[in-house]
Amino acid sequence: MLTIAFIGFGNSVIRYHLPYIRHRGHIKIQSIYRRKEDRVFEFERQREKHYPEIHFTDNLDEILNDKRIDCIVINTPDDTHVQYAKAVLNAGKHVLVEKPFAPNEKEAKEVFDLAKEKGLICYVNHNRRYDADFLTLKKVLDSGKLGDIIEIESHYDYYKPYDFIKNGPRDKGWFIYSLGVHNFDQIISHFGVPQRVHYDVRSFTADGAEDYFNLQFCYGNMKVSIASSLYVMIDYPRFLVHGTKGSFTKQSQGHLSSVKASEPIHASFRVEDESKWGTLSYINEHGEHVTEQVPSEVTDYGRLYDDLHDIILAGKPKIVKDEQVLAVLSILEAAKENLC
């Protein structure tokens, strides 16, 4: 069994971690560290009572020195990831770090090097590799029914321009680091590091921070366009693929952060409604034009914890490779500097 603790107890832990791992018998959640100032309000103290099996503490040393804990998960504001990761590794524990892993490739490499020096695992929570829509895309690509792939469009959009204004100034890079990191990693996990990248990063609502981006990853003659915008009001396909033998389209699984649920949240592990299944249209081996619905795979972010368990306790190779993480960060850095 892999025994873990968390540093941080925000929305991400509550929605994207705990629901997917609490039922896994080979993972035990021992403790969660929260700063004292995060536990001041009665609402926050009551919230902890939804998780009676987990020990909450505002003493960081308590989890760093707990010999029962194998691995600590960093789920704190982005600009604190590196300092917490180094503290965990220096305490002799494995670490899983939320994305974006680091503000830049240089600092990420420092953490990976420290982990190697200590003989420990530093892993990155690129859990969106286990999204239903991306897993369904992979299933279609692996089937070979589309022939040679010519073009892929990857969209993850919102309509929130007024929220952008209402919430005040943003820092340059906020949008591409929060959303681009998911989509860049998905494509690199399947196709590898692109040979060339073209950048289109813009700001329509406010100066100094982006609210739209469209990056093109080039792999020989194949192009992958990865776009996200705050100005999309209609239901746009999550993935659109064209190949030499056909095309595929898949609607988004939706924004899980907008799903209302009371705590503790329970993951459904249900197959999506047929209305969100993908559509595959292609020419088969008999020269016939075939159109079929592609059943969706199931979103399960706990699969990353299965990977982590096997890496730490069984010595299996990392699924999320260090070099992939570094490549994503390199592209994020360049995109941030290419804001029009």
# chains A, B, ... in the order shown; residues from 1 in each chain; ligands from 1
>>> residues_around(residues="Pro19 in chain A", least_positions_apart="3", cutoff="9 Å", atoms="only C-alpha atoms", output="VMD selection string")
chain A and resid 13 to 16 22 to 23 264 to 268 301 to 302
>>> closest_atom_pairs(of="range 89-204 of chain A", to="range 63-67 of chain A", cutoff="12 Å", atoms="only C-alpha atoms", output="Markdown table")
| residue | atom | partner | partner_atom | distance |
| --- | --- | --- | --- | --- |
| A:Leu89 | CA | A:Leu64 | CA | 9.4 |
| A:Asn90 | CA | A:Leu64 | CA | 9.2 |
| A:Ala91 | CA | A:Leu64 | CA | 6.0 |
| A:Gly92 | CA | A:Leu64 | CA | 8.3 |
| A:Lys93 | CA | A:Leu64 | CA | 7.7 |
| A:His94 | CA | A:Leu64 | CA | 10.6 |
| A:Val95 | CA | A:Leu64 | CA | 11.1 |
>>> atom_distance(atom1="CA of Ala108 in chain A", atom2="CA of Ile72 in chain A")
17.1 Å
>>> atom_distance(atom1="CA of Asp235 in chain A", atom2="CA of Ile152 in chain A")
17.5 Å
>>> select_by_dssp(residues="range 126-301 of chain A", states="helix (DSSP H, G or I)", output="MDAnalysis selection string")
chainID A and resid 127:130 132:143 161:166 174:191 256:258 274:276
>>> closest_residue(among="A:Val201, A:Cys218, A:Leu179, A:Ile4", to="Glu337 in chain A", atoms="only C-alpha atoms")
A:Val201
>>> closest_residue(among="A:His155, A:Lys99, A:Lys145, A:Arg45", to="Ile283 in chain A", atoms="only C-alpha atoms")
A:Lys145
>>> closest_atom_pairs(of="range 232-268 of chain A", to="range 129-134 of chain A", cutoff="10 Å", atoms="only C-alpha atoms", output="JSON lines")
{"residue": "A:Arg238", "atom": "CA", "partner": "A:Asp133", "partner_atom": "CA", "distance": 7.4}
{"residue": "A:Phe239", "atom": "CA", "partner": "A:Asp133", "partner_atom": "CA", "distance": 7.9}
{"residue": "A:Lys250", "atom": "CA", "partner": "A:Asp133", "partner_atom": "CA", "distance": 6.9}
{"residue": "A:Gln251", "atom": "CA", "partner": "A:Asp133", "partner_atom": "CA", "distance": 7.5}
{"residue": "A:Ser252", "atom": "CA", "partner": "A:Asp133", "partner_atom": "CA", "distance": 6.3}
{"residue": "A:Gln253", "atom": "CA", "partner": "A:Asp133", "partner_atom": "CA", "distance": 6.1}
{"residue": "A:Gly254", "atom": "CA", "partner": "A:Asp133", "partner_atom": "CA", "distance": 9.4}
>>> closest_residue(among="A:Lys276, A:Arg202, A:His190, A:Lys223", to="Val320 in chain A", atoms="only C-alpha atoms")
A:His190
>>> closest_residue(among="A:Ser178, A:Asn127, A:Ser262, A:Asn338", to="Leu215 in chain A", atoms="only C-alpha atoms")
A:Asn338
>>> select_by_dssp(residues="range 10-219 of chain A", states="strand (DSSP E)", output="number ranges by chain")
A: 27-33, 55-57, 71-74, 94-98, 122-125, 149-155, 196-198, 201-202, 212-219
>>> residues_around(residues="Ser31 in chain A", least_positions_apart="3", cutoff="7 Å", atoms="only C-alpha atoms", output="ChimeraX atom specification")
/A:5-6,54-56
>>> closest_residue(among="A:Phe175, A:Tyr33, A:Tyr305, A:Phe191", to="Ala335 in chain A", atoms="only C-alpha atoms")
A:Phe175
